[in-house]
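All remarks here apply to the structure that follows.
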Amino acid sequence: MQFIAGQWRKGGDGSAGEIVNPANEEVLAEIPRASKQDLDDALTASQQAFISWRESSAQERAAVLRKAAALLRERVAAIALRMTLEQGKTLSESRLEIELSAETFDWYAAEALRINGRVMPSRIRGARQMVLPQPLGPVAAFTPWNFPALLPARKIAPALAAGCTMVMKPSEETPSSALALAQALADAGLPAGVLNMVLGVPAEISSHLIKSPIIRKVTFTGSTAVGQSLARLAAEGVKPCTLELGGHAPVLIFDDANLERTVATCIMGKTRNAGQVCTSPTRFYVQEGIYPRFLKAFSQAMEKVIVGEGMANDSQMGPLANKRRLQAISHLIDEAVDVGAKISAGGKRQGENGFFFRPTVLTSTPMNAQVINTEPFGPIALVDSFVTLEEGLERANNNRFGLAAYAFTQSSDTAVKVSEGLEAGGIGINSFAVSHIEAPFGGLKDSGYGHEGGSEGLEAFMHQKYVHHA
């Protein structure tokens with residue numbers, strides 16, 4: 001279904017494909033395909049709604065977001081179930097994602113009350129110099145399938161809090177979670193047209209929306225290649241973008257790290273959402289003094305990870321989200337082995353039905369292997385050794401991505417040096433938690449630009465209007 005001008009409607013151009021359960025490959029539903037008329041209606045609705053929504057008080061906008069958050073918490077079980085069926089992640093992960101989405105709405109409801117301008121000392125007696133933060137206008141937003149509720153929430157909440165309206169294209173493969181957000185907001189009293197959601201053929205929708213003169217801002221989460229394409233489209237209309245793109249996160253593990261705790265943390269970090277996380281740790285560089293023990297313990301622990309259907313209570317990792325990821329992971333591993341890498345754990349598909357893949361550890365991976373230079377976006381860990389801190393930083397930074405980077409050490413001095421030396425938007429020390437709603441999140445290099453989260457995420461949907469009143 002499409003959500004346009006506060007109403008649900010079928011796609012005007014029929015079906016754009018099928019939604020498949022990655023655990024058993026059963027077809028769950030057809031994907032509606034938005035027609036050009038659907039897209040134009042969504043754009044018109046967002047433009048008309050912006051006139052009144054931007055004039056609403058911060059208290060009114062906050063009230064809608066808070067009510068929607070409460071409704072999401074009431075509906076968490078049903079939404080999480082649909083998410084697991086469509087995306088594959090464990091049910092506990094799905095429930096947590098809905099809770100975090102509700103928290104995102106709550107946080108930006110409060111942040112809406114802190115949109116403050118400023119008055120500056122005037123250089124002219126009797127005059128006033130003021131800066132007034134104002135919403136940019138209708139926004140085109142695009143989100144992927146790996147976090148089908150949280151990533152839309154991280155765009156919707158700050159945009160609405162700022163006073164913007166939005167036309168969003170969530171993932172066609174996992175749409176129900178984002179549509180549940182739209183329903184919660186509608187039930188919370190969001191005026192018709194403030195938020196619209198369309199599904200269909202991604203390239204057709206993105207081109208149509210971004211080229212429209214109605215759209216004043218573009219925000220996208222996804223691959224670097226698609227982000228570059230959308231940025232070019234936006235540049236033609238001189239429209240600002242927030243791009244959260246790919247990652248290939250390095251992990252520096254120093255000799256003084258707590259081995260048992262580090263291994264346990266790395267297992268959870270690598271297998272979360274089957275490694276289909278842009279901040280997922282991938283390149284593990286371990287100082288030579290601890291390397292043999294870490295590799296053995298890490299590989300053994302990866303072999304013990306229970307991979308199964310997300311609905312099963314004992315599953316620690318669900319299937320990959322779609323057949324494309326299964327094929328891509330298999331190809332990256334096979335190619336790496338062909339050029340000299342060695343498999344220390346996993347390395348193969350699990351079963352013949354569903355898109356299950358064993359978490360994999362590769363060692364001695366040559367620099368010319370595709371997996372070194374391509375975001376794996378799956379349960380692959382590349383483990384190698386280093387000697388000095390300087391060498392570790394050099395190897396960690398020797399990559400075109402710069403979204404997240406990590407280090408494990410008990411030395412405060414080492415922690416300070418790697419925090420300053422690692423080239424990434426988010427740094428985790430003894431932790432993989434680098435994305436929290438109250439903090440800015442964004443990357444460097446091919447990982448994109450701009451920020452989500454924190455007050456920076458709100459500012460991304462506003463412009464600072466200067467007023468001089470003589």
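Following the order of the structure tokens, chains are lettered A, B, ..., residues in each are numbered from 1, and ligands are numbered from 1.
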Spatial neighbours of A:Gly200, max dist 12 Å, only C-alpha atoms, sep filter under 2 positions, as an NGL selection string: :A and (1-2 or 10-19 or 30-36 or 38-39 or 168-173 or 175 or 197-198 or 202-206 or 208)
Convert the current residue selection to file output with N, CA, C and O atoms, as a CSV table (one decimal), in the first residue's frame.
chain,number,residue,atom,x,y,z
A,1,MET,N,0.8,-1.2,0.0
A,1,MET,CA,0.0,0.0,0.0
A,1,MET,C,0.9,1.3,0.0
A,1,MET,O,2.0,1.2,0.5
A,2,GLN,N,0.3,2.3,-0.6
A,2,GLN,CA,1.0,3.6,-0.5
A,2,GLN,C,0.2,4.5,0.5
A,2,GLN,O,-1.0,4.3,0.7
A,10,LYS,N,-3.7,1.6,-3.2
A,10,LYS,CA,-2.9,0.6,-3.9
A,10,LYS,C,-2.0,1.4,-4.9
A,10,LYS,O,-2.3,2.5,-5.3
A,11,GLY,N,-0.9,0.7,-5.3
A,11,GLY,CA,0.0,1.3,-6.3
A,11,GLY,C,-0.7,1.4,-7.6
A,11,GLY,O,-1.4,0.4,-8.1
A,12,GLY,N,-0.6,2.5,-8.2
A,12,GLY,CA,-1.3,2.8,-9.5
A,12,GLY,C,-0.8,2.0,-10.7
A,12,GLY,O,-1.5,1.9,-11.7
A,13,ASP,N,0.4,1.4,-10.6
A,13,ASP,CA,1.0,0.7,-11.7
A,13,ASP,C,1.1,-0.8,-11.4
A,13,ASP,O,2.0,-1.5,-11.9
A,14,GLY,N,0.3,-1.3,-10.5
A,14,GLY,CA,0.3,-2.7,-10.2
A,14,GLY,C,1.4,-3.2,-9.3
A,14,GLY,O,1.7,-2.5,-8.3
A,15,SER,N,2.0,-4.3,-9.6
A,15,SER,CA,3.0,-4.9,-8.7
A,15,SER,C,4.5,-4.6,-9.2
A,15,SER,O,4.7,-4.5,-10.4
A,16,ALA,N,5.4,-4.4,-8.3
A,16,ALA,CA,6.8,-4.2,-8.6
A,16,ALA,C,7.7,-5.4,-8.2
A,16,ALA,O,8.9,-5.3,-8.2
A,17,GLY,N,7.0,-6.5,-7.7
A,17,GLY,CA,7.8,-7.6,-7.3
A,17,GLY,C,7.1,-8.3,-6.1
A,17,GLY,O,6.0,-8.1,-5.8
A,18,GLU,N,7.9,-9.1,-5.4
A,18,GLU,CA,7.4,-9.8,-4.2
A,18,GLU,C,8.2,-9.6,-3.0
A,18,GLU,O,9.4,-9.4,-3.0
A,19,ILE,N,7.6,-9.7,-1.8
A,19,ILE,CA,8.2,-9.7,-0.5
A,19,ILE,C,8.4,-11.2,-0.1
A,19,ILE,O,7.5,-11.9,-0.1
A,30,GLU,N,2.9,-9.1,-2.4
A,30,GLU,CA,3.4,-8.4,-3.6
A,30,GLU,C,3.7,-7.0,-3.2
A,30,GLU,O,3.2,-6.4,-2.3
A,31,ILE,N,4.7,-6.4,-3.9
A,31,ILE,CA,5.1,-5.0,-3.7
A,31,ILE,C,4.3,-4.1,-4.6
A,31,ILE,O,4.4,-4.2,-5.9
A,32,PRO,N,3.6,-3.2,-4.1
A,32,PRO,CA,2.8,-2.2,-5.0
A,32,PRO,C,3.8,-1.3,-5.7
A,32,PRO,O,4.8,-0.9,-5.1
A,33,ARG,N,3.4,-0.9,-6.9
A,33,ARG,CA,4.3,0.0,-7.7
A,33,ARG,C,3.6,1.3,-7.9
A,33,ARG,O,2.5,1.4,-8.5
A,34,ALA,N,4.2,2.3,-7.3
A,34,ALA,CA,3.6,3.7,-7.4
A,34,ALA,C,3.7,4.2,-8.9
A,34,ALA,O,4.7,4.0,-9.6
A,35,SER,N,2.6,4.8,-9.3
A,35,SER,CA,2.6,5.4,-10.6
A,35,SER,C,3.1,6.8,-10.5
A,35,SER,O,3.3,7.3,-9.4
A,36,LYS,N,3.3,7.4,-11.6
A,36,LYS,CA,3.8,8.8,-11.6
A,36,LYS,C,2.7,9.7,-11.0
A,36,LYS,O,3.0,10.7,-10.3
A,38,ASP,N,0.7,8.7,-8.6
A,38,ASP,CA,0.9,8.5,-7.1
A,38,ASP,C,2.0,9.5,-6.6
A,38,ASP,O,1.8,10.1,-5.5
A,39,LEU,N,3.1,9.5,-7.3
A,39,LEU,CA,4.3,10.3,-6.8
A,39,LEU,C,3.9,11.8,-6.9
A,39,LEU,O,4.2,12.5,-5.9
A,168,MET,N,8.6,9.7,1.7
A,168,MET,CA,9.6,8.7,2.0
A,168,MET,C,9.4,7.5,1.1
A,168,MET,O,8.3,7.0,0.9
A,169,LYS,N,10.5,6.9,0.6
A,169,LYS,CA,10.5,5.6,-0.1
A,169,LYS,C,11.3,4.6,0.8
A,169,LYS,O,12.5,4.6,0.8
A,170,PRO,N,10.5,3.8,1.6
A,170,PRO,CA,11.2,2.8,2.4
A,170,PRO,C,11.6,1.6,1.5
A,170,PRO,O,11.2,1.6,0.3
A,171,SER,N,12.3,0.7,2.0
A,171,SER,CA,12.6,-0.5,1.2
A,171,SER,C,11.4,-1.3,0.8
A,171,SER,O,10.5,-1.5,1.6
A,172,GLU,N,11.4,-1.6,-0.5
A,172,GLU,CA,10.3,-2.4,-1.0
A,172,GLU,C,10.3,-3.8,-0.4
A,172,GLU,O,9.2,-4.5,-0.4
A,173,GLU,N,11.4,-4.3,0.0
A,173,GLU,CA,11.6,-5.7,0.5
A,173,GLU,C,11.1,-5.9,1.9
A,173,GLU,O,10.8,-7.0,2.4
A,175,PRO,N,8.7,-3.4,3.8
A,175,PRO,CA,8.0,-2.2,4.0
A,175,PRO,C,7.1,-2.1,5.2
A,175,PRO,O,6.8,-1.0,5.6
A,197,MET,N,4.3,8.0,2.1
A,197,MET,CA,5.2,6.8,1.8
A,197,MET,C,4.8,6.2,0.5
A,197,MET,O,3.6,5.9,0.3
A,198,VAL,N,5.8,6.0,-0.3
A,198,VAL,CA,5.5,5.4,-1.7
A,198,VAL,C,6.4,4.2,-1.9
A,198,VAL,O,7.6,4.2,-1.4
A,202,PRO,N,12.8,1.6,-7.3
A,202,PRO,CA,13.6,2.6,-6.6
A,202,PRO,C,14.2,3.7,-7.5
A,202,PRO,O,14.0,4.9,-7.2
A,203,ALA,N,14.7,3.3,-8.7
A,203,ALA,CA,15.3,4.3,-9.5
A,203,ALA,C,14.3,5.3,-10.1
A,203,ALA,O,14.5,6.5,-10.2
A,204,GLU,N,13.1,4.7,-10.4
A,204,GLU,CA,12.0,5.6,-10.9
A,204,GLU,C,11.5,6.6,-9.9
A,204,GLU,O,11.4,7.8,-10.2
A,205,ILE,N,11.4,6.1,-8.7
A,205,ILE,CA,10.9,6.9,-7.6
A,205,ILE,C,11.9,8.0,-7.2
A,205,ILE,O,11.5,9.2,-7.1
A,206,SER,N,13.1,7.6,-7.0
A,206,SER,CA,14.1,8.6,-6.6
A,206,SER,C,14.3,9.7,-7.6
A,206,SER,O,14.4,10.9,-7.3
A,208,HIS,N,12.2,10.7,-9.9
A,208,HIS,CA,11.0,11.6,-10.0
A,208,HIS,C,10.9,12.5,-8.8
A,208,HIS,O,10.6,13.7,-9.0
Polymer residues at most 8 Å from stretch 263-277 of chain A, only C-alpha atoms, same-chain spacing of 4 or more positions, as a list in words: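 Once the nearby chain positions are removed, what remains is Lys89, Thr90, Glu93, Asn146, Leu259, Pro281, Thr282, Phe294, Ala297, Phe298, Ala301, Met302, Gln316, Met317, Gly318, Pro319, Leu320, Pro359, Phe377, Gly378, Pro379, Ile380, Ala381, Ser431 and Phe432 of chain A.
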Residue list (alpha helix (DSSP H), DSSP) for stretch 26-225 of chain A, as a PyMOL selection string: chain A and resi 36-53+58-74+76-87+91-112+150-162+176-187+202-211+224-225
Let's have the selection written as a short mmCIF file (atom, residue, chain, number, x, y, z; two decimals), in the first residue's frame, with C-alpha atoms.
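After the write, out_11.cif holds the following:
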data_model
loop_
_atom_site.label_atom_id
_atom_site.label_comp_id
_atom_site.auth_asym_id
_atom_site.auth_seq_id
_atom_site.Cartn_x
_atom_site.Cartn_y
_atom_site.Cartn_z
CA LYS A 36 3.76 8.82 -11.63
CA GLN A 37 0.36 10.09 -10.57
CA ASP A 38 0.89 8.55 -7.13
CA LEU A 39 4.25 10.30 -6.84
CA ASP A 40 2.85 13.62 -8.01
CA ASP A 41 0.00 13.30 -5.52
CA ALA A 42 2.47 12.64 -2.72
CA LEU A 43 4.55 15.64 -3.74
CA THR A 44 1.50 17.90 -3.92
CA ALA A 45 0.30 16.67 -0.54
CA SER A 46 3.66 17.40 1.06
CA GLN A 47 3.76 20.87 -0.47
CA GLN A 48 0.27 21.78 0.67
CA ALA A 49 0.77 20.33 4.16
CA PHE A 50 4.02 22.24 4.60
CA ILE A 51 2.16 25.56 4.54
CA SER A 52 0.38 24.79 7.81
CA TRP A 53 2.82 22.32 9.42
CA ALA A 58 6.83 23.17 18.61
CA GLN A 59 4.50 21.92 21.34
CA GLU A 60 2.00 20.69 18.75
CA ARG A 61 4.66 18.86 16.75
CA ALA A 62 6.13 17.35 19.90
CA ALA A 63 2.74 16.10 21.06
CA VAL A 64 2.23 14.16 17.83
CA LEU A 65 5.66 12.55 18.05
CA ARG A 66 5.18 11.59 21.70
CA LYS A 67 1.77 10.05 21.01
CA ALA A 68 3.18 8.09 18.06
CA ALA A 69 5.98 6.79 20.29
CA ALA A 70 3.44 5.55 22.82
CA LEU A 71 1.45 3.80 20.09
CA LEU A 72 4.58 2.09 18.76
CA ARG A 73 5.29 0.69 22.21
CA GLU A 74 1.74 -0.65 22.42
CA VAL A 76 5.71 -3.55 19.38
CA ALA A 77 4.87 -7.27 19.32
CA ALA A 78 2.89 -7.14 16.08
CA ILE A 79 5.34 -4.85 14.27
CA ALA A 80 8.37 -6.89 15.39
CA LEU A 81 6.78 -10.10 14.14
CA ARG A 82 6.26 -8.63 10.67
CA MET A 83 9.79 -7.25 10.66
CA THR A 84 11.31 -10.65 11.41
CA LEU A 85 9.18 -12.34 8.76
CA GLU A 86 10.26 -9.82 6.10
CA GLN A 87 13.88 -9.15 7.10
CA LEU A 91 12.67 -11.45 17.10
CA SER A 92 14.57 -9.94 20.05
CA GLU A 93 16.46 -7.66 17.63
CA SER A 94 13.21 -6.65 15.95
CA ARG A 95 11.56 -5.79 19.26
CA LEU A 96 14.57 -3.72 20.29
CA GLU A 97 14.46 -1.86 16.98
CA ILE A 98 10.84 -0.85 17.49
CA GLU A 99 11.64 0.32 21.02
CA LEU A 100 14.53 2.42 19.69
CA SER A 101 12.28 3.86 16.99
CA ALA A 102 9.81 4.95 19.67
CA GLU A 103 12.69 6.44 21.66
CA THR A 104 13.74 8.37 18.56
CA PHE A 105 10.28 9.92 18.28
CA ASP A 106 10.34 10.81 21.98
CA TRP A 107 13.82 12.34 21.81
CA TYR A 108 13.01 14.60 18.88
CA ALA A 109 9.70 15.55 20.46
CA ALA A 110 11.76 17.04 23.28
CA GLU A 111 14.34 18.49 20.91
CA ALA A 112 11.60 20.33 19.01
CA LEU A 150 14.83 2.60 12.97
CA LEU A 151 16.35 4.17 9.86
CA PRO A 152 13.03 5.66 8.73
CA ALA A 153 12.43 6.89 12.29
CA ARG A 154 15.80 8.64 12.34
CA LYS A 155 14.73 10.66 9.29
CA ILE A 156 11.04 11.16 10.02
CA ALA A 157 11.34 12.32 13.63
CA PRO A 158 13.81 15.21 13.18
CA ALA A 159 12.23 16.34 9.91
CA LEU A 160 8.77 16.56 11.47
CA ALA A 161 10.15 18.13 14.64
CA ALA A 162 11.80 20.83 12.52
CA SER A 176 5.66 -3.12 6.82
CA SER A 177 7.75 -1.57 9.61
CA ALA A 178 7.97 1.85 7.97
CA LEU A 179 4.27 1.74 7.09
CA ALA A 180 3.57 0.96 10.75
CA LEU A 181 5.39 4.18 11.67
CA ALA A 182 3.18 6.10 9.26
CA GLN A 183 0.05 4.53 10.76
CA ALA A 184 1.17 5.35 14.31
CA LEU A 185 1.77 8.98 13.34
CA ALA A 186 -1.59 9.21 11.59
CA ASP A 187 -3.31 7.74 14.63
CA PRO A 202 13.63 2.59 -6.61
CA ALA A 203 15.33 4.31 -9.54
CA GLU A 204 12.02 5.58 -10.93
CA ILE A 205 10.87 6.94 -7.59
CA SER A 206 14.14 8.60 -6.60
CA SER A 207 14.56 10.30 -9.96
CA HIS A 208 10.98 11.58 -10.00
CA LEU A 209 11.05 12.88 -6.44
CA ILE A 210 14.49 14.49 -6.43
CA LYS A 211 13.93 16.25 -9.76
CA THR A 224 27.89 4.39 -1.73
CA ALA A 225 27.12 3.74 -5.41
#
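Considering only C-alpha atoms, the residue among A:Glu352, A:Glu375, A:Glu55, A:Asp413 positioned nearest to A:Pro22 is A:Glu352.
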Shortest interatomic distance to A:Arg54 - which of A:Arg118, A:Asn24, A:Cys164, A:Glu438, counting only C-alpha atoms: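 The shortest atom-to-atom distance to A:Arg54 comes from A:Cys164.
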Filtered DSSP result for stretch 219-401 of chain A, state strand (DSSP E), as a VMD selection string: chain A and resid 219 to 221 241 to 244 249 to 253 281 to 287 342 to 345 360 to 363 380 to 386 401
Top pick for closest residue to A:Arg395, considering A:Val416, A:Ala470, A:Leu252, A:Val371 and counting only C-alpha atoms: A:Leu252
Give me the residues near A:Ser411 as a PDB file with N, CA, C and O atoms, in the first residue's frame, where near means some atom within 12 Å (using only C-alpha atoms) and where sequence neighbours in that chain fewer than 5 positions away do not count.
ATOM      1  N   ILE A 253      42.784  -4.360  18.122  1.00  0.00           N
ATOM      2  CA  ILE A 253      42.764  -5.080  19.390  1.00  0.00           C
ATOM      3  C   ILE A 253      44.198  -5.156  19.919  1.00  0.00           C
ATOM      4  O   ILE A 253      45.058  -5.795  19.308  1.00  0.00           O
ATOM      5  N   PHE A 254      44.444  -4.483  21.030  1.00  0.00           N
ATOM      6  CA  PHE A 254      45.793  -4.362  21.557  1.00  0.00           C
ATOM      7  C   PHE A 254      46.111  -5.472  22.567  1.00  0.00           C
ATOM      8  O   PHE A 254      45.203  -6.116  23.123  1.00  0.00           O
ATOM      9  N   ASP A 255      47.406  -5.671  22.790  1.00  0.00           N
ATOM     10  CA  ASP A 255      47.870  -6.758  23.660  1.00  0.00           C
ATOM     11  C   ASP A 255      47.254  -6.712  25.049  1.00  0.00           C
ATOM     12  O   ASP A 255      47.061  -7.759  25.688  1.00  0.00           O
ATOM     13  N   ASP A 256      46.943  -5.504  25.528  1.00  0.00           N
ATOM     14  CA  ASP A 256      46.451  -5.387  26.904  1.00  0.00           C
ATOM     15  C   ASP A 256      44.936  -5.538  27.005  1.00  0.00           C
ATOM     16  O   ASP A 256      44.355  -5.402  28.092  1.00  0.00           O
ATOM     17  N   ALA A 257      44.254  -5.829  25.904  1.00  0.00           N
ATOM     18  CA  ALA A 257      42.800  -5.988  25.934  1.00  0.00           C
ATOM     19  C   ALA A 257      42.416  -7.200  26.760  1.00  0.00           C
ATOM     20  O   ALA A 257      43.135  -8.205  26.807  1.00  0.00           O
ATOM     21  N   ASN A 258      41.274  -7.132  27.406  1.00  0.00           N
ATOM     22  CA  ASN A 258      40.728  -8.276  28.134  1.00  0.00           C
ATOM     23  C   ASN A 258      40.234  -9.287  27.100  1.00  0.00           C
ATOM     24  O   ASN A 258      39.226  -9.059  26.428  1.00  0.00           O
ATOM     25  N   VAL A 416      43.215   7.343  23.886  1.00  0.00           N
ATOM     26  CA  VAL A 416      43.255   8.723  23.401  1.00  0.00           C
ATOM     27  C   VAL A 416      43.892   8.778  22.015  1.00  0.00           C
ATOM     28  O   VAL A 416      43.392   9.459  21.099  1.00  0.00           O
ATOM     29  N   LYS A 417      44.992   8.049  21.829  1.00  0.00           N
ATOM     30  CA  LYS A 417      45.707   8.095  20.543  1.00  0.00           C
ATOM     31  C   LYS A 417      44.868   7.530  19.406  1.00  0.00           C
ATOM     32  O   LYS A 417      44.847   8.097  18.305  1.00  0.00           O
ATOM     33  N   VAL A 418      44.179   6.412  19.648  1.00  0.00           N
ATOM     34  CA  VAL A 418      43.376   5.853  18.564  1.00  0.00           C
ATOM     35  C   VAL A 418      42.125   6.693  18.321  1.00  0.00           C
ATOM     36  O   VAL A 418      41.655   6.810  17.184  1.00  0.00           O
ATOM     37  N   ILE A 429      35.437   2.629  21.758  1.00  0.00           N
ATOM     38  CA  ILE A 429      36.543   2.089  22.549  1.00  0.00           C
ATOM     39  C   ILE A 429      35.962   1.020  23.477  1.00  0.00           C
ATOM     40  O   ILE A 429      35.113   1.311  24.319  1.00  0.00           O
ATOM     41  N   ASN A 430      36.382  -0.206  23.290  1.00  0.00           N
ATOM     42  CA  ASN A 430      35.866  -1.357  24.037  1.00  0.00           C
ATOM     43  C   ASN A 430      34.357  -1.507  23.862  1.00  0.00           C
ATOM     44  O   ASN A 430      33.658  -2.019  24.732  1.00  0.00           O
TER      45      ASN A 430
END
